[in-house]
>>> print(open('coords-v4.txt').read())   # compact mmCIF, C-alpha atoms
# COMPACT_ATOMS: atom_id res chain seq x y z
CA GLN A 1 48.89 92.81 -17.71
CA VAL A 2 52.30 94.12 -18.72
CA GLN A 3 52.93 96.39 -21.66
CA LEU A 4 56.39 96.83 -23.13
CA VAL A 5 57.37 99.59 -25.53
CA GLU A 6 60.78 99.63 -27.21
CA SER A 7 62.46 102.69 -28.64
CA GLY A 8 65.85 103.81 -29.89
CA GLY A 9 66.23 101.79 -33.04
CA GLY A 10 67.48 103.25 -36.29
CA LEU A 11 70.10 103.21 -38.99
CA VAL A 12 73.76 103.28 -37.99
CA GLN A 13 77.05 102.63 -39.73
CA ALA A 14 79.17 99.64 -38.86
CA GLY A 15 81.25 100.37 -35.78
CA GLY A 16 78.66 102.74 -34.40
CA SER A 17 76.49 102.54 -31.31
CA LEU A 18 72.83 102.60 -30.40
CA ARG A 19 70.97 102.38 -27.11
CA LEU A 20 67.59 100.72 -27.07
CA SER A 21 65.11 101.34 -24.29
CA CYS A 22 62.15 99.28 -23.19
CA ALA A 23 59.59 100.96 -20.99
CA ALA A 24 57.32 98.66 -19.02
CA SER A 25 54.02 99.12 -17.29
CA GLY A 26 53.16 97.19 -14.19
CA ARG A 27 53.81 97.70 -10.52
CA ILE A 28 56.05 94.67 -10.14
CA PHE A 29 58.45 95.32 -13.01
CA SER A 30 61.28 95.06 -10.54
CA SER A 31 60.53 91.35 -10.04
CA TYR A 32 60.72 90.41 -13.74
CA VAL A 33 63.64 88.96 -15.60
CA MET A 34 63.93 91.09 -18.72
CA GLY A 35 65.26 89.73 -21.96
CA TRP A 36 66.27 91.15 -25.30
CA PHE A 37 65.76 89.12 -28.46
CA ARG A 38 66.31 89.87 -32.11
CA GLN A 39 64.93 88.58 -35.36
CA ALA A 40 66.68 89.03 -38.67
CA PRO A 41 64.73 88.73 -41.93
CA GLY A 42 63.90 85.11 -42.67
CA LYS A 43 65.38 83.88 -39.42
CA GLU A 44 64.11 82.82 -36.04
CA ARG A 45 63.89 85.14 -33.08
CA VAL A 46 66.95 84.54 -30.93
CA LEU A 47 68.11 85.56 -27.50
CA VAL A 48 70.50 88.49 -27.22
CA GLY A 49 70.66 88.46 -23.43
CA PHE A 50 68.79 88.97 -20.22
CA ILE A 51 69.08 90.64 -16.84
CA ASN A 52 67.75 89.51 -13.50
CA TRP A 53 65.46 91.56 -11.30
CA SER A 54 68.21 93.20 -9.25
CA ALA A 55 70.61 93.71 -12.17
CA SER A 56 73.16 91.61 -10.30
CA SER A 57 73.29 89.04 -13.08
CA THR A 58 73.29 89.25 -16.85
CA TYR A 59 73.72 86.81 -19.70
CA TYR A 60 74.77 87.50 -23.28
CA ALA A 61 74.78 85.43 -26.40
CA ASP A 62 78.28 84.78 -27.70
CA SER A 63 77.56 86.84 -30.80
CA VAL A 64 77.17 90.04 -28.76
CA LYS A 65 79.34 89.38 -25.71
CA GLY A 66 81.74 92.24 -25.09
CA ARG A 67 79.82 94.61 -27.40
CA PHE A 68 76.34 94.77 -25.89
CA THR A 69 75.34 95.64 -22.34
CA ILE A 70 71.96 95.20 -20.71
CA SER A 71 70.99 97.35 -17.75
CA ARG A 72 67.81 98.32 -15.96
CA ASP A 73 66.41 101.11 -13.86
CA ASN A 74 63.61 99.70 -11.74
CA ALA A 75 62.62 103.15 -10.53
CA LYS A 76 61.85 104.06 -14.14
CA ASN A 77 60.46 100.64 -15.12
CA THR A 78 62.94 100.61 -17.98
CA VAL A 79 65.50 98.19 -19.35
CA TYR A 80 68.23 99.19 -21.76
CA LEU A 81 70.35 97.55 -24.41
CA GLN A 82 73.55 99.42 -25.16
CA MET A 83 74.99 98.24 -28.45
CA ASN A 84 78.54 99.15 -29.38
CA SER A 85 80.80 98.16 -32.26
CA LEU A 86 77.77 97.30 -34.33
CA LYS A 87 78.14 94.99 -37.30
CA PRO A 88 75.93 94.51 -40.36
CA GLU A 89 74.97 91.10 -38.98
CA ASP A 90 73.37 92.84 -35.99
CA THR A 91 70.67 94.10 -38.33
CA ALA A 92 67.34 92.84 -36.99
CA VAL A 93 64.16 93.77 -35.24
CA TYR A 94 64.93 93.90 -31.54
CA TYR A 95 62.35 92.90 -28.96
CA CYS A 96 62.28 93.21 -25.22
CA ALA A 97 60.41 90.60 -23.22
CA ALA A 98 59.41 90.02 -19.63
CA SER A 99 59.48 86.74 -17.79
CA VAL A 100 57.25 86.79 -14.74
CA THR A 101 58.31 83.38 -13.48
CA THR A 102 61.04 82.99 -10.92
CA TYR A 103 63.14 79.95 -11.71
CA SER A 104 66.29 78.79 -10.02
CA SER A 105 68.16 77.94 -13.18
CA SER A 106 69.16 80.70 -15.53
CA TYR A 107 68.76 78.28 -18.44
CA TYR A 108 65.04 78.85 -18.12
CA TYR A 109 65.46 82.34 -19.49
CA TYR A 110 67.29 81.24 -22.64
CA TYR A 111 63.97 80.25 -24.24
CA LYS A 112 61.56 82.75 -25.74
CA SER A 113 58.61 80.54 -24.81
CA ASN A 114 59.31 81.37 -21.15
CA TYR A 115 58.69 85.07 -21.64
CA ALA A 116 55.06 86.04 -21.18
CA TYR A 117 55.11 89.60 -22.44
CA TRP A 118 56.67 91.14 -25.52
CA GLY A 119 57.14 94.56 -26.99
CA GLN A 120 56.32 95.44 -30.57
CA GLY A 121 59.95 95.52 -31.62
CA THR A 122 62.25 98.21 -32.94
CA GLN A 123 64.27 98.00 -36.16
CA VAL A 124 68.05 98.25 -36.03
CA THR A 125 69.85 98.48 -39.35
CA VAL A 126 73.64 98.50 -39.54
CA SER A 127 75.13 99.56 -42.84
CA SER A 128 78.54 98.42 -44.01
>>> encode(input="coords-v4.txt", output="C-alpha cells")
Amino acid sequence: QVQLVESGGGLVQAGGSLRLSCAASGRIFSSYVMGWFRQAPGKERVLVGFINWSASSTYYADSVKGRFTISRDNAKNTVYLQMNSLKPEDTAVYYCAASVTTYSSSYYYYYKSNYAYWGQGTQVTVSS
C-alpha cells in the first residue's frame, strides 16, 4: 500500500510562485513514476506532468511547460511541483499520483487510469 500526502497549496497572486510537495510512504517509492494532476471546478482531472523513477525524464502539459517543474528526492520519498508565473487559470485542486507499473512507452503515463495511488489533493488558488 502506498500513501501520498500533498502539501504547499494556498492562495497566490497572478505571477507568483508556489511549491507543492507530495510525501509518499512505501519502500519502493524510487521505482514509481510520479505524476501531478489538477482538477478545476466543474472540469475533469487532467495531467500536469510526470517524472520517471530516476528523475532523468519529465513530461509537461503544454499549458504549464516552461512555468512548472517537477522534481523528486528519492531519499526523502518526496516529489515536488514548482509552479512559477502562476495564472488564474492554474486555479485547481492539485493531486499527486503514483504509477507502479513499468511501461516502455511514456504515453502510458498520460492517463490517470494508469496511476494506482492518489493523494487527497491540495487547493491552489491564483487571484488576478
>>> closest_residue(input="coords-v4.txt", among="A:Leu86, A:Ile28, A:Ala14, A:Val100", to="A:Ser63", atoms="all atoms listed in the file")
A:Leu86
>>> atom_distance(input="coords-v4.txt", atom1="atom CA of A:Gly8", atom2="atom CA of A:Leu20")
4.5 Å
>>> atom_distance(input="coords-v4.txt", atom1="atom CA of A:Gln123", atom2="atom CA of A:Gln39")
9.5 Å
>>> residues_around(input="coords-v4.txt", residues="stretch 43-58 of chain A", least_positions_apart="4", cutoff="10 Å", atoms="all atoms listed in the file", output="PyMOL selection string")
chain A and resi 28-39+62-65+68-74+79-81+92-99+102+106+109-112
>>> residues_around(input="coords-v4.txt", residues="A:Val126", least_positions_apart="3", cutoff="9 Å", atoms="only C-alpha atoms", output="MDAnalysis selection string")
chainID A and resid 10:16 86:92
>>> residues_around(input="coords-v4.txt", residues="A:Ala24", least_positions_apart="2", cutoff="8 Å", atoms="all atoms listed in the file", output="compact mmCIF listing (two decimals) with C-alpha atoms, in the coordinates of the input")
# COMPACT_ATOMS: atom_id res chain seq x y z
CA VAL A 2 52.30 94.12 -18.72
CA GLN A 3 52.93 96.39 -21.66
CA LEU A 4 56.39 96.83 -23.13
CA VAL A 5 57.37 99.59 -25.53
CA CYS A 22 62.15 99.28 -23.19
CA GLY A 26 53.16 97.19 -14.19
CA PHE A 29 58.45 95.32 -13.01
CA ASN A 77 60.46 100.64 -15.12
CA THR A 78 62.94 100.61 -17.98
>>> closest_residue(input="coords-v4.txt", among="A:Ser7, A:Ser104, A:Ser127, A:Ser17", to="A:Met83", atoms="only C-alpha atoms")
A:Ser17
>>> atom_distance(input="coords-v4.txt", atom1="atom CA of A:Trp118", atom2="atom CA of A:Gly9")
16.2 Å
>>> axis_aligned_box(input="coords-v4.txt", around="stretch 120-126 of chain A", padding_each_side="5 Å", output="JSON")
{"center_x": 65.0, "center_y": 97.0, "center_z": -35.1, "size_x": 27.3, "size_y": 13.1, "size_z": 19.0}
